[in-house]
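K.L.:
My questions all concern the structure below.
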Amino acid sequence: MSTAKYIFVTGGVTSSLGKGIIAASLGKLLQARGFKVTIQKFDPYINIDPGTLNPYEHGECYVTSDGAETDLDLGHYERFLNIETSQANNITTGRIYHNVITKERQGEYLGKTVQVVPHITDEIKRNIFLLGESGQYDFVITEIGGSVGDIESLPFIEAVRQVRWDLGANNALVIHLTLIPYLKAAKELKTKPTQHSVKELLAEGIQPDILVCRTEMPLPMELRKKLALFCNVNLNSVIEAIDADTIYDVPMNMKKEKLDERVLAKLKIHTKNEPDLDQWKTFLGKLKNPMDEVTIGLVGKYVSLPDAYKSIAEAFVHAGAENDSKVNIRWISSEEISSESVESILSGLDGVLVAPGFGERGMEGKIEAIRYVRENKIPFFGICLGMQCAVVEFARNVLGLDASSTELNAKTKHPVIDMMEEQKKITIKGGTMRLGSYDCRIKKGSKAHGAYGETLIQERHRHRYEFNNKYLEAMEGAGMKAVGVNPDSGLVEIIELKDHPWFIGVQYHPELRSTVLNPHPLFVKFVGAALSHKRSIS
Ligand code: GLN
């Protein structure tokens with residue numbers, strides 16, 4: 001195939017139906033047939049990117065290799081397809097307007113009135129085609145955020161309508177994801193909200209080609225017929241998306257419902273290749289038949305919204321399956337941890353992960369948690385802020401320094417974690433952190449080296465503060481080793497404790513690179529250490 005085909009996924013009735021998972025599952029099935037696939041997400045909000053959003057607003061901010069701060073759905077795309085995404089895979093209304101207004105200021109519109117149609121819609125179309133025109137992909141799947149009927153998503157829907165019209169039905173299609181609610185009192189599944197949602201889409205100029213129907217119960221044939229008739233779709237293009245035990249079942253469910261076959265038939269693509277899902281099935285087999293289990297405490301600030309730590313939770317799913325074990329996560333609010341409460345909260349856990357985060361709130365609780373796991377030799381994994389807290393804890397309780405991170409106390413006597421000089425000059429917030437992939441050289445003989453099996457790795461970053469190398473010698477002398485260092489800047493990337501079964505802190509975000517086919521080695525080894533810890537005390 002020379003030119004890319006475009007598949008759009010819209011949503012109706014409610015939000016949170018899992019458009020990202022459906023898009024990723026379809027992508028997986030097409031990829032498993034040998035096609036090259038990428039997925040992009042268009043978000044209708046005005047922020048330029050989700051980097052400045054509180055995780056309670058929008059869940060985790062997912063960082064790509066090229067340093068883009070993006071929507072968490074891109075994490076699903078990477079985890080399912082084992083591909084890398086980039087800035088081009090996540091576009092917001094804010095970015096579209098920013099681009100158009102910048103062009104306007106540069107006089108590029110030659111005195112014309114700049115309008116939503118055609119200028120904003122043209123900029124959206126340019127971004128839709130950007131990945132497809134790279135020549136790297138057979139399919140570009142574009143997920144449109146929000147629900148049909150929202151004021152914000154109108155320009156995106158209009159751009160999709162135009163692309164569908166420009167390219168024709170053989171080159172572009174629209175999948176509409178809706179909800180078929182079950183009314184307990186009536187004991188019935190209801191199609192009316194879907195009918196209305198499709199009418200709304202029709203009013204905006206789009207006839208969906210395929211309906212994917214989220215439902216708690218199997219969709220009976222008469223309901224499928226009704227949906228087909230009232231929504232103008234072929235009967236075999238009414239796809240049931242029944243609630244699944246795990247998101248990783250969804251590709252298999254979509255295969256059973258022949259979503260990929262319908263897409264290929266509509267886009268007139270003939271292939272004899274059946275999807276090769278052997279590795280995926282092996283993973284599912286391990287996931288569903290664990291031989292053991294461990295409970296990991298995840299200490300963080302946003303624990304009441306697990307989406308805030310989506311990639312960490314998924315990395316544990318991958319690492320658990322790899323260890324033939326189930327990983328239970330106990331979500332622990334760092335603000336509840338004090339020297340009095342720490343024992344009752346953390347004792348009995350098989351491992352503790354201290355999560356990334358920003359700001360001073362809850363940081364002392366994280367430091368207290370780390371003291372407890374260090375002293376009690378419970379496996380510990382610190383990510384970004386979690387690593388920084390481990391450094392502060394060690395400086396305070398082992399070196400005996402009155403130490404802190406300048407994020408927690410700007411006037412501390414011993415800033416063992418501090419901002420880099422370049423960062424200090426920056427006052428605007430968006431996109432100003434150390435972002436994206438950087439090299440890290442790992443010392444042979446370290447636990448990290450044992451996990452990676454390599455001495456040069458690349459991992460993704462998102463932070464402003466760093467290990468202060470002025471304290472490196474003292475820390476190393478007392479047993480906290482910097483076993484991973486950036487070869488260009490000398491910045492510390494990984495710390496380990498000598499006399500501890502498994503105590504690792506990383507300045508980067510390993511969770512962002514864990515996929516079904518490539519579970520992250522540090523998560524795999526951490527779960528392994530938690531299993532050993534559990535077995536050693538039972
Ligand atoms: N707040 C810390 C920093 O900016 C850690 C960031 C993080 O955990 N992602 O360096």
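Labels used: A, B, ... for chains in the order of the structure tokens, numbers from 1 for residues in each chain, and numbers from 1 for ligands as shown.
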Give me, as CSV, the closest atom pair and its distance (Å, one decimal) for every residue of chain A within a cut-off of 9 Å of ligand 1, counting only C-alpha atoms and all ligand atoms, rows sorted by chain and rising number.
P.N.:
```
residue,atom,partner,partner_atom_place_in_ligand_line,distance
A:Ala355,CA,ligand 1,8 (O),6.9
A:Pro356,CA,ligand 1,8 (O),3.2
A:Gly357,CA,ligand 1,8 (O),4.0
A:Phe358,CA,ligand 1,1 (N),3.8
A:Gly359,CA,ligand 1,1 (N),6.0
A:Glu360,CA,ligand 1,1 (N),8.4
A:Ile383,CA,ligand 1,8 (O),6.6
A:Cys384,CA,ligand 1,8 (O),4.1
A:Leu385,CA,ligand 1,8 (O),3.8
A:Gly386,CA,ligand 1,8 (O),6.7
A:Met387,CA,ligand 1,8 (O),8.3
A:Gln388,CA,ligand 1,5 (C),7.3
A:Glu407,CA,ligand 1,1 (N),6.9
A:Ile417,CA,ligand 1,10 (O),8.4
A:Asp418,CA,ligand 1,10 (O),8.3
A:Met419,CA,ligand 1,10 (O),7.6
A:Met433,CA,ligand 1,4 (O),7.3
A:Arg434,CA,ligand 1,10 (O),8.5
A:His461,CA,ligand 1,9 (N),7.4
A:Arg462,CA,ligand 1,9 (N),5.0
A:His463,CA,ligand 1,4 (O),3.6
A:Arg464,CA,ligand 1,4 (O),3.9
A:Tyr465,CA,ligand 1,10 (O),3.6
A:Glu466,CA,ligand 1,10 (O),6.2
A:Gln507,CA,ligand 1,8 (O),7.8
A:Tyr508,CA,ligand 1,9 (N),7.7
A:His509,CA,ligand 1,9 (N),7.5
```
K.L.:
Store the residues picked out above in a file with C-alpha atoms, as a compact mmCIF listing (two decimals), in the first residue's frame.
P.N.:
```txt
# COMPACT_ATOMS: atom_id res chain seq x y z
CA ALA A 355 5.36 7.90 42.64
CA PRO A 356 6.30 10.92 40.54
CA GLY A 357 4.73 14.23 41.48
CA PHE A 358 5.03 17.96 41.83
CA GLY A 359 4.98 20.39 44.75
CA GLU A 360 5.67 20.04 48.42
CA ILE A 383 10.27 7.19 40.22
CA CYS A 384 11.26 10.80 39.53
CA LEU A 385 10.02 12.63 42.65
CA GLY A 386 10.18 9.20 44.34
CA MET A 387 13.91 9.01 43.58
CA GLN A 388 14.44 12.58 44.72
CA GLU A 407 11.14 22.10 45.68
CA ILE A 417 18.01 17.96 45.06
CA ASP A 418 18.14 21.29 43.28
CA MET A 419 17.06 23.02 40.12
CA MET A 433 10.85 20.93 31.97
CA ARG A 434 13.58 18.50 31.05
CA HIS A 461 12.06 12.53 31.47
CA ARG A 462 9.68 15.15 32.86
CA HIS A 463 11.09 17.19 35.71
CA ARG A 464 12.83 20.40 36.74
CA TYR A 465 14.93 19.30 39.71
CA GLU A 466 18.04 17.12 39.72
CA GLN A 507 15.10 10.24 37.75
CA TYR A 508 13.24 9.25 34.57
CA HIS A 509 9.88 7.59 33.90
```
K.L.:
Excluding same-chain residues fewer than 4 positions from A:Tyr471, what lies within 9 Å of it counting only C-alpha atoms, as a VMD selection string?
P.N.:
chain A and resid 395 414 to 416 467 475 to 476
K.L.:
Quick one: contact table of stretch 312-397 of chain A to stretch 68-87 of chain A, 12 Å max, nearest atom pair and distance in Å to one decimal per residue, counting only C-alpha atoms, chain and number order, as CSV?
P.N.:
```
residue,atom,partner,partner_atom,distance
A:Ile312,CA,A:Gly75,CA,10.6
A:Ala313,CA,A:Gly75,CA,11.6
A:Glu314,CA,A:Arg79,CA,8.5
A:Ala315,CA,A:Arg79,CA,9.0
A:Val317,CA,A:Arg79,CA,11.1
A:His318,CA,A:Arg79,CA,9.5
```
K.L.:
Could you turn the residues from that selection into a file that holds N, CA, C and O atoms, as a compact mmCIF listing (two decimals), in the first residue's frame?
P.N.:
```txt
# COMPACT_ATOMS: atom_id res chain seq x y z
N ILE A 312 1.98 3.61 35.27
CA ILE A 312 2.59 2.79 36.32
C ILE A 312 1.72 1.56 36.56
O ILE A 312 2.22 0.43 36.63
N ALA A 313 0.41 1.78 36.66
CA ALA A 313 -0.50 0.65 36.89
C ALA A 313 -0.38 -0.37 35.76
O ALA A 313 -0.34 -1.58 35.99
N GLU A 314 -0.32 0.11 34.52
CA GLU A 314 -0.22 -0.82 33.38
C GLU A 314 1.13 -1.52 33.35
O GLU A 314 1.22 -2.71 33.01
N ALA A 315 2.20 -0.78 33.72
CA ALA A 315 3.53 -1.41 33.74
C ALA A 315 3.53 -2.58 34.74
O ALA A 315 4.19 -3.59 34.51
N VAL A 317 0.89 -4.42 35.38
CA VAL A 317 0.16 -5.51 34.73
C VAL A 317 1.12 -6.31 33.83
O VAL A 317 1.16 -7.54 33.88
N HIS A 318 1.93 -5.59 33.05
CA HIS A 318 2.87 -6.27 32.16
C HIS A 318 3.90 -7.07 32.97
O HIS A 318 4.20 -8.22 32.67
```
K.L.:
As a PyMOL selection string, list the residues of stretch 195-350 of chain A assigned to helix (DSSP H, G or I) by DSSP on the backbone atoms of this structure.
P.N.:
chain A and resi 195-203+221-231+235-237+247-256+259-266+278-288+306-322+334-336+342-346
K.L.:
I need the residues from that last selection saved to file as a short mmCIF file (atom, residue, chain, number, x, y, z; two decimals), in the first residue's frame (with C-alpha atoms), if you can.
P.N.:
```cif
data_model
loop_
_atom_site.label_atom_id
_atom_site.label_comp_id
_atom_site.auth_asym_id
_atom_site.auth_seq_id
_atom_site.Cartn_x
_atom_site.Cartn_y
_atom_site.Cartn_z
CA GLN A 195 -29.99 6.70 17.50
CA HIS A 196 -29.86 10.28 18.77
CA SER A 197 -26.12 10.36 18.76
CA VAL A 198 -25.97 9.18 15.15
CA LYS A 199 -28.60 11.81 14.22
CA GLU A 200 -26.36 14.43 15.81
CA LEU A 201 -23.43 13.18 13.76
CA LEU A 202 -25.61 13.23 10.62
CA ALA A 203 -26.61 16.81 11.39
CA MET A 221 -29.76 -9.82 16.98
CA GLU A 222 -33.03 -7.86 17.01
CA LEU A 223 -31.24 -4.94 18.64
CA ARG A 224 -28.44 -5.07 16.10
CA LYS A 225 -31.05 -5.02 13.34
CA LYS A 226 -32.78 -2.07 14.92
CA LEU A 227 -29.53 -0.15 15.23
CA ALA A 228 -28.59 -0.96 11.63
CA LEU A 229 -31.96 0.17 10.31
CA PHE A 230 -32.23 3.39 12.28
CA CYS A 231 -28.60 4.41 11.97
CA LEU A 235 -25.96 -5.15 10.00
CA ASN A 236 -22.45 -6.61 10.09
CA SER A 237 -21.09 -3.16 10.91
CA ILE A 247 -8.55 -3.76 28.55
CA TYR A 248 -6.16 -6.31 27.04
CA ASP A 249 -9.15 -8.53 26.15
CA VAL A 250 -10.58 -5.86 23.89
CA PRO A 251 -8.48 -6.67 20.78
CA MET A 252 -9.64 -10.29 21.02
CA ASN A 253 -13.25 -9.18 21.50
CA MET A 254 -12.98 -6.87 18.49
CA LYS A 255 -11.54 -9.71 16.44
CA LYS A 256 -14.47 -11.93 17.41
CA LEU A 259 -14.15 -5.07 13.47
CA ASP A 260 -10.88 -5.31 11.53
CA GLU A 261 -12.53 -7.31 8.73
CA ARG A 262 -15.27 -4.72 8.36
CA VAL A 263 -12.69 -1.94 8.19
CA LEU A 264 -10.67 -3.76 5.53
CA ALA A 265 -13.75 -4.58 3.47
CA LYS A 266 -15.01 -1.01 3.56
CA ASP A 278 0.29 -15.41 19.35
CA GLN A 279 2.41 -13.20 21.60
CA TRP A 280 -0.65 -11.26 22.69
CA LYS A 281 -2.42 -14.51 23.60
CA THR A 282 0.61 -15.74 25.53
CA PHE A 283 0.53 -12.52 27.54
CA LEU A 284 -3.22 -12.89 28.18
CA GLY A 285 -2.71 -16.49 29.26
CA LYS A 286 -0.12 -15.43 31.83
CA LEU A 287 -2.20 -12.48 32.95
CA LYS A 288 -5.24 -14.64 33.60
CA PRO A 306 -5.87 5.92 39.53
CA ASP A 307 -5.80 7.43 35.99
CA ALA A 308 -3.21 9.84 37.38
CA TYR A 309 -0.80 6.89 37.50
CA LYS A 310 -2.11 5.00 34.48
CA SER A 311 1.24 4.02 32.98
CA ILE A 312 2.59 2.79 36.32
CA ALA A 313 -0.50 0.65 36.89
CA GLU A 314 -0.22 -0.82 33.38
CA ALA A 315 3.53 -1.41 33.74
CA PHE A 316 2.66 -3.53 36.80
CA VAL A 317 0.16 -5.51 34.73
CA HIS A 318 2.87 -6.27 32.16
CA ALA A 319 5.51 -7.03 34.80
CA GLY A 320 3.09 -9.20 36.79
CA ALA A 321 2.28 -11.34 33.74
CA GLU A 322 5.98 -11.69 33.01
CA SER A 334 1.40 10.25 50.95
CA GLU A 335 -0.33 12.84 53.13
CA GLU A 336 -1.52 10.11 55.48
CA VAL A 342 3.99 4.60 58.67
CA GLU A 343 4.36 1.18 60.22
CA SER A 344 0.65 0.41 60.30
CA ILE A 345 0.25 1.61 56.70
CA LEU A 346 3.26 -0.06 55.09
#
```
K.L.:
For A:Ala32, which residue among A:Glu274, A:Glu368, A:Asp324, A:Asp150 is the nearest when counting only C-alpha atoms?
P.N.:
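Checking each of A:Glu274, A:Glu368, A:Asp324, A:Asp150 against A:Ala32, counting only C-alpha atoms, the winner is A:Glu274.
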K.L.:
Of the candidates A:Ile378, A:Leu399, A:Met291, A:Ile39, which shows the shortest atom-to-atom distance to A:Phe139, using only C-alpha atoms?
P.N.:
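Result for the nearest residue to A:Phe139: A:Ile39.
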K.L.:
Nearest to A:Ile337: which of A:Ala172, A:Val163, A:Leu408, A:Val299 is it, counting only C-alpha atoms?
P.N.:
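With only C-alpha atoms as the atom set, the closest residue is A:Val299.
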K.L.:
I'd like to know which of A:His58, A:Arg374, A:Lys444, A:Lys470 is closest to A:Lys498, using only C-alpha atoms.
P.N.:
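Between A:His58, A:Arg374, A:Lys444, A:Lys470, the residue approaching A:Lys498 most closely is A:Arg374.
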K.L.:
Taking only C-alpha atoms into account, which of A:Cys440, A:Leu435, A:Val527, A:Ile504 comes nearest A:Val63?
P.N.:
A:Leu435
K.L.:
Counting only C-alpha atoms, which residue out of A:Ser341, A:Ser446, A:Thr412, A:Asn518 sits closest to A:Arg396?
P.N.:
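So, comparing all the options, the nearest one is A:Thr412.
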K.L.:
Could you tell me, as an mmCIF file with all heavy atoms, in the first residue's frame, which residues of stretch 334-456 of chain A DSSP assigns to strand (DSSP E or B) when given the backbone?
P.N.:
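Done, and the output landed in out.cif:
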```
data_model
loop_
_atom_site.group_PDB
_atom_site.id
_atom_site.type_symbol
_atom_site.label_atom_id
_atom_site.label_comp_id
_atom_site.auth_asym_id
_atom_site.auth_seq_id
_atom_site.Cartn_x
_atom_site.Cartn_y
_atom_site.Cartn_z
ATOM 1 N N GLY A 351 6.255 -4.694 48.524
ATOM 2 C CA GLY A 351 7.118 -3.717 47.879
ATOM 3 C C GLY A 351 6.434 -2.362 47.920
ATOM 4 O O GLY A 351 5.211 -2.291 48.073
ATOM 5 N N VAL A 352 7.226 -1.298 47.804
ATOM 6 C CA VAL A 352 6.644 0.048 47.833
ATOM 7 C C VAL A 352 7.211 0.864 46.679
ATOM 8 O O VAL A 352 8.427 0.883 46.461
ATOM 9 C CB VAL A 352 6.936 0.748 49.182
ATOM 10 C CG1 VAL A 352 6.567 2.230 49.119
ATOM 11 C CG2 VAL A 352 6.181 0.065 50.319
ATOM 12 N N LEU A 353 6.305 1.483 45.931
ATOM 13 C CA LEU A 353 6.723 2.384 44.858
ATOM 14 C C LEU A 353 6.349 3.805 45.272
ATOM 15 O O LEU A 353 5.198 4.044 45.640
ATOM 16 C CB LEU A 353 6.037 2.015 43.547
ATOM 17 C CG LEU A 353 6.456 2.835 42.315
ATOM 18 C CD1 LEU A 353 6.438 1.976 41.055
ATOM 19 C CD2 LEU A 353 5.575 4.061 42.108
ATOM 20 N N VAL A 354 7.313 4.700 45.260
ATOM 21 C CA VAL A 354 6.974 6.096 45.528
ATOM 22 C C VAL A 354 6.906 6.813 44.183
ATOM 23 O O VAL A 354 7.838 6.781 43.375
ATOM 24 C CB VAL A 354 7.955 6.754 46.517
ATOM 25 C CG1 VAL A 354 7.640 8.232 46.682
ATOM 26 C CG2 VAL A 354 7.851 6.057 47.879
ATOM 27 N N PHE A 380 12.034 -1.402 47.203
ATOM 28 C CA PHE A 380 11.618 -0.021 46.959
ATOM 29 C C PHE A 380 11.951 0.396 45.535
ATOM 30 O O PHE A 380 13.023 0.088 45.014
ATOM 31 C CB PHE A 380 12.345 0.920 47.927
ATOM 32 C CG PHE A 380 12.264 2.366 47.515
ATOM 33 C CD1 PHE A 380 11.085 3.085 47.678
ATOM 34 C CD2 PHE A 380 13.355 3.018 46.938
ATOM 35 C CE1 PHE A 380 11.005 4.419 47.274
ATOM 36 C CE2 PHE A 380 13.280 4.354 46.538
ATOM 37 C CZ PHE A 380 12.106 5.050 46.710
ATOM 38 N N PHE A 381 11.015 1.109 44.943
ATOM 39 C CA PHE A 381 11.201 1.641 43.604
ATOM 40 C C PHE A 381 10.732 3.096 43.635
ATOM 41 O O PHE A 381 9.560 3.362 43.925
ATOM 42 C CB PHE A 381 10.356 0.815 42.623
ATOM 43 C CG PHE A 381 10.673 1.011 41.166
ATOM 44 C CD1 PHE A 381 11.786 1.716 40.740
ATOM 45 C CD2 PHE A 381 9.835 0.457 40.196
ATOM 46 C CE1 PHE A 381 12.078 1.874 39.397
ATOM 47 C CE2 PHE A 381 10.108 0.607 38.842
ATOM 48 C CZ PHE A 381 11.229 1.318 38.447
ATOM 49 N N GLY A 382 11.644 4.029 43.390
ATOM 50 C CA GLY A 382 11.276 5.438 43.403
ATOM 51 C C GLY A 382 11.355 6.006 41.997
ATOM 52 O O GLY A 382 12.367 5.833 41.314
ATOM 53 N N ILE A 383 10.280 6.651 41.576
ATOM 54 C CA ILE A 383 10.271 7.195 40.223
ATOM 55 C C ILE A 383 10.217 8.719 40.279
ATOM 56 O O ILE A 383 9.319 9.297 40.895
ATOM 57 C CB ILE A 383 9.081 6.640 39.412
ATOM 58 C CG1 ILE A 383 9.222 5.125 39.274
ATOM 59 C CG2 ILE A 383 8.990 7.309 38.054
ATOM 60 C CD1 ILE A 383 8.152 4.469 38.435
ATOM 61 N N ALA A 403 18.933 18.197 55.318
ATOM 62 C CA ALA A 403 18.852 18.294 53.850
ATOM 63 C C ALA A 403 17.419 18.327 53.345
ATOM 64 O O ALA A 403 16.483 17.926 54.030
ATOM 65 C CB ALA A 403 19.572 17.096 53.233
ATOM 66 N N SER A 404 17.259 18.821 52.130
ATOM 67 C CA SER A 404 15.947 18.802 51.478
ATOM 68 C C SER A 404 16.118 18.977 49.970
ATOM 69 O O SER A 404 17.236 19.105 49.471
ATOM 70 C CB SER A 404 15.061 19.915 52.044
ATOM 71 O OG SER A 404 13.713 19.654 51.741
ATOM 72 N N SER A 405 14.985 18.975 49.311
ATOM 73 C CA SER A 405 14.944 19.357 47.903
ATOM 74 C C SER A 405 14.507 20.813 47.903
ATOM 75 O O SER A 405 13.678 21.204 48.737
ATOM 76 C CB SER A 405 13.917 18.491 47.178
ATOM 77 O OG SER A 405 13.432 19.170 46.045
ATOM 78 N N HIS A 414 21.123 22.197 52.949
ATOM 79 C CA HIS A 414 21.750 21.196 52.089
ATOM 80 C C HIS A 414 20.791 20.785 50.957
ATOM 81 O O HIS A 414 20.052 19.815 51.083
ATOM 82 C CB HIS A 414 22.155 19.973 52.917
ATOM 83 C CG HIS A 414 23.251 20.283 53.874
ATOM 84 N ND1 HIS A 414 24.556 20.531 53.463
ATOM 85 C CD2 HIS A 414 23.242 20.426 55.221
ATOM 86 C CE1 HIS A 414 25.297 20.798 54.519
ATOM 87 N NE2 HIS A 414 24.534 20.747 55.602
ATOM 88 N N PRO A 415 20.841 21.517 49.859
ATOM 89 C CA PRO A 415 19.927 21.211 48.738
ATOM 90 C C PRO A 415 20.425 19.997 47.940
ATOM 91 O O PRO A 415 21.036 20.156 46.893
ATOM 92 C CB PRO A 415 19.953 22.492 47.901
ATOM 93 C CG PRO A 415 21.282 23.109 48.205
ATOM 94 C CD PRO A 415 21.699 22.675 49.572
ATOM 95 N N VAL A 416 20.163 18.813 48.441
ATOM 96 C CA VAL A 416 20.671 17.619 47.759
ATOM 97 C C VAL A 416 19.940 17.373 46.437
ATOM 98 O O VAL A 416 20.442 16.689 45.550
ATOM 99 C CB VAL A 416 20.590 16.358 48.668
ATOM 100 C CG1 VAL A 416 21.645 16.429 49.767
ATOM 101 C CG2 VAL A 416 19.203 16.170 49.248
ATOM 102 N N ILE A 417 18.739 17.934 46.345
ATOM 103 C CA ILE A 417 18.014 17.957 45.062
ATOM 104 C C ILE A 417 17.778 19.432 44.757
ATOM 105 O O ILE A 417 17.210 20.157 45.565
ATOM 106 C CB ILE A 417 16.654 17.215 45.160
ATOM 107 C CG1 ILE A 417 16.839 15.744 45.547
ATOM 108 C CG2 ILE A 417 15.858 17.367 43.863
ATOM 109 C CD1 ILE A 417 17.470 14.853 44.493
ATOM 110 N N ASP A 418 18.211 19.851 43.585
ATOM 111 C CA ASP A 418 18.135 21.287 43.283
ATOM 112 C C ASP A 418 17.801 21.488 41.810
ATOM 113 O O ASP A 418 17.966 20.577 40.991
ATOM 114 C CB ASP A 418 19.495 21.930 43.609
ATOM 115 C CG ASP A 418 19.389 23.441 43.757
ATOM 116 O OD1 ASP A 418 18.268 23.974 43.714
ATOM 117 O OD2 ASP A 418 20.452 24.081 43.915
ATOM 118 N N MET A 419 17.392 22.709 41.512
ATOM 119 C CA MET A 419 17.064 23.020 40.124
ATOM 120 C C MET A 419 18.354 23.309 39.354
ATOM 121 O O MET A 419 19.291 23.882 39.908
ATOM 122 C CB MET A 419 16.184 24.256 40.096
ATOM 123 C CG MET A 419 15.119 24.181 39.043
ATOM 124 S SD MET A 419 14.216 25.707 38.975
ATOM 125 C CE MET A 419 12.670 25.221 39.652
ATOM 126 N N ARG A 434 12.691 19.387 31.803
ATOM 127 C CA ARG A 434 13.582 18.501 31.050
ATOM 128 C C ARG A 434 12.677 17.381 30.556
ATOM 129 O O ARG A 434 12.167 16.578 31.332
ATOM 130 C CB ARG A 434 14.659 17.969 31.990
ATOM 131 C CG ARG A 434 15.700 17.106 31.315
ATOM 132 C CD ARG A 434 16.751 16.711 32.350
ATOM 133 N NE ARG A 434 17.626 15.679 31.834
ATOM 134 C CZ ARG A 434 18.197 14.750 32.577
ATOM 135 N NH1 ARG A 434 17.970 14.699 33.870
ATOM 136 N NH2 ARG A 434 18.984 13.863 32.036
ATOM 137 N N LEU A 435 12.451 17.366 29.254
ATOM 138 C CA LEU A 435 11.405 16.506 28.690
ATOM 139 C C LEU A 435 11.957 15.552 27.641
ATOM 140 O O LEU A 435 12.831 15.922 26.852
ATOM 141 C CB LEU A 435 10.328 17.361 28.024
ATOM 142 C CG LEU A 435 9.356 18.101 28.944
ATOM 143 C CD1 LEU A 435 8.592 19.161 28.161
ATOM 144 C CD2 LEU A 435 8.381 17.132 29.588
ATOM 145 N N GLY A 436 11.423 14.354 27.620
ATOM 146 C CA GLY A 436 11.724 13.418 26.539
ATOM 147 C C GLY A 436 12.915 12.531 26.842
ATOM 148 O O GLY A 436 13.410 12.456 27.967
ATOM 149 N N SER A 437 13.382 11.882 25.791
ATOM 150 C CA SER A 437 14.365 10.816 25.931
ATOM 151 C C SER A 437 15.792 11.342 26.081
ATOM 152 O O SER A 437 16.206 12.235 25.335
ATOM 153 C CB SER A 437 14.276 9.954 24.676
ATOM 154 O OG SER A 437 14.669 8.661 24.975
ATOM 155 N N TYR A 438 16.509 10.801 27.051
ATOM 156 C CA TYR A 438 17.934 11.120 27.249
ATOM 157 C C TYR A 438 18.701 9.824 27.466
ATOM 158 O O TYR A 438 18.148 8.843 27.967
ATOM 159 C CB TYR A 438 18.128 12.016 28.476
ATOM 160 C CG TYR A 438 17.722 13.455 28.247
ATOM 161 C CD1 TYR A 438 16.401 13.856 28.458
ATOM 162 C CD2 TYR A 438 18.647 14.402 27.831
ATOM 163 C CE1 TYR A 438 16.017 15.173 28.247
ATOM 164 C CE2 TYR A 438 18.266 15.724 27.621
ATOM 165 C CZ TYR A 438 16.957 16.100 27.829
ATOM 166 O OH TYR A 438 16.579 17.404 27.617
ATOM 167 N N ASP A 439 19.994 9.883 27.120
ATOM 168 C CA ASP A 439 20.855 8.721 27.344
ATOM 169 C C ASP A 439 21.176 8.555 28.820
ATOM 170 O O ASP A 439 21.265 9.538 29.554
ATOM 171 C CB ASP A 439 22.206 8.921 26.636
ATOM 172 C CG ASP A 439 22.096 8.660 25.136
ATOM 173 O OD1 ASP A 439 21.046 8.152 24.707
ATOM 174 O OD2 ASP A 439 23.072 8.964 24.417
ATOM 175 N N CYS A 440 21.411 7.320 29.194
ATOM 176 C CA CYS A 440 21.882 7.041 30.547
ATOM 177 C C CYS A 440 22.891 5.899 30.454
ATOM 178 O O CYS A 440 22.618 4.878 29.823
ATOM 179 C CB CYS A 440 20.696 6.641 31.431
ATOM 180 S SG CYS A 440 21.162 5.924 33.008
ATOM 181 N N ARG A 441 24.062 6.132 31.052
ATOM 182 C CA ARG A 441 25.062 5.065 31.056
ATOM 183 C C ARG A 441 24.995 4.354 32.407
ATOM 184 O O ARG A 441 24.994 4.991 33.457
ATOM 185 C CB ARG A 441 26.457 5.647 30.801
ATOM 186 C CG ARG A 441 27.476 4.554 30.527
ATOM 187 C CD ARG A 441 28.769 5.052 29.931
ATOM 188 N NE ARG A 441 28.663 5.651 28.606
ATOM 189 C CZ ARG A 441 28.518 4.980 27.460
ATOM 190 N NH1 ARG A 441 28.405 3.668 27.464
ATOM 191 N NH2 ARG A 441 28.456 5.618 26.304
ATOM 192 N N ILE A 442 24.930 3.025 32.328
ATOM 193 C CA ILE A 442 24.731 2.241 33.557
ATOM 194 C C ILE A 442 26.004 1.505 33.942
ATOM 195 O O ILE A 442 26.687 0.938 33.079
ATOM 196 C CB ILE A 442 23.595 1.218 33.358
ATOM 197 C CG1 ILE A 442 22.312 1.931 32.943
ATOM 198 C CG2 ILE A 442 23.349 0.426 34.622
ATOM 199 C CD1 ILE A 442 21.135 1.013 32.788
ATOM 200 N N LEU A 456 24.114 1.209 27.934
ATOM 201 C CA LEU A 456 23.613 2.505 27.458
ATOM 202 C C LEU A 456 22.132 2.377 27.139
ATOM 203 O O LEU A 456 21.739 1.587 26.276
ATOM 204 C CB LEU A 456 24.389 2.965 26.216
ATOM 205 C CG LEU A 456 24.031 4.379 25.755
ATOM 206 C CD1 LEU A 456 24.458 5.420 26.779
ATOM 207 C CD2 LEU A 456 24.659 4.699 24.398
#
```
K.L.:
Show me, as a list of chain:residue names, the residues that have an atom within 8 Å of A:Pro275 when counting only C-alpha atoms, minus same-chain residues fewer than 3 positions from it.
P.N.:
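My reading of the contact set: A:Leu29, A:Leu30, A:Gln31, A:Ala32, A:Arg33, A:Gly34.
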K.L.:
Neighbours of stretch 12-19 of chain A within 10 Å (only C-alpha atoms; same-chain residues fewer than 2 positions away dropped), as a ChimeraX atom specification?
P.N.:
/A:9-10,21-25,41,73,143-150,175-181,192-198,200-201,212-215,241,247
K.L.:
Report as a list in words all protein, DNA and RNA residues lying within 9 Å of A:Glu123, evaluated on only C-alpha atoms, omitting residues in the same chain fewer than 4 positions from it.
P.N.:
Ile96, Tyr97, Asn99, Val100, Pro118, His119, Asn127 and Ile128 of chain A
K.L.:
Please compute the atom CA of A:Pro510-atom CA of A:Lys534 distance, one decimal, in Å.
P.N.:
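Taking atom CA of A:Pro510 as the start and atom CA of A:Lys534 as the end point, the length is 23.8 Å.
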K.L.:
Find the distance between atom CA of A:Lys184 and atom CA of A:Ile239 and write it in Å to one decimal.
P.N.:
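Straight-line distance from atom CA of A:Lys184 to atom CA of A:Ile239 works out to 22.5 Å.
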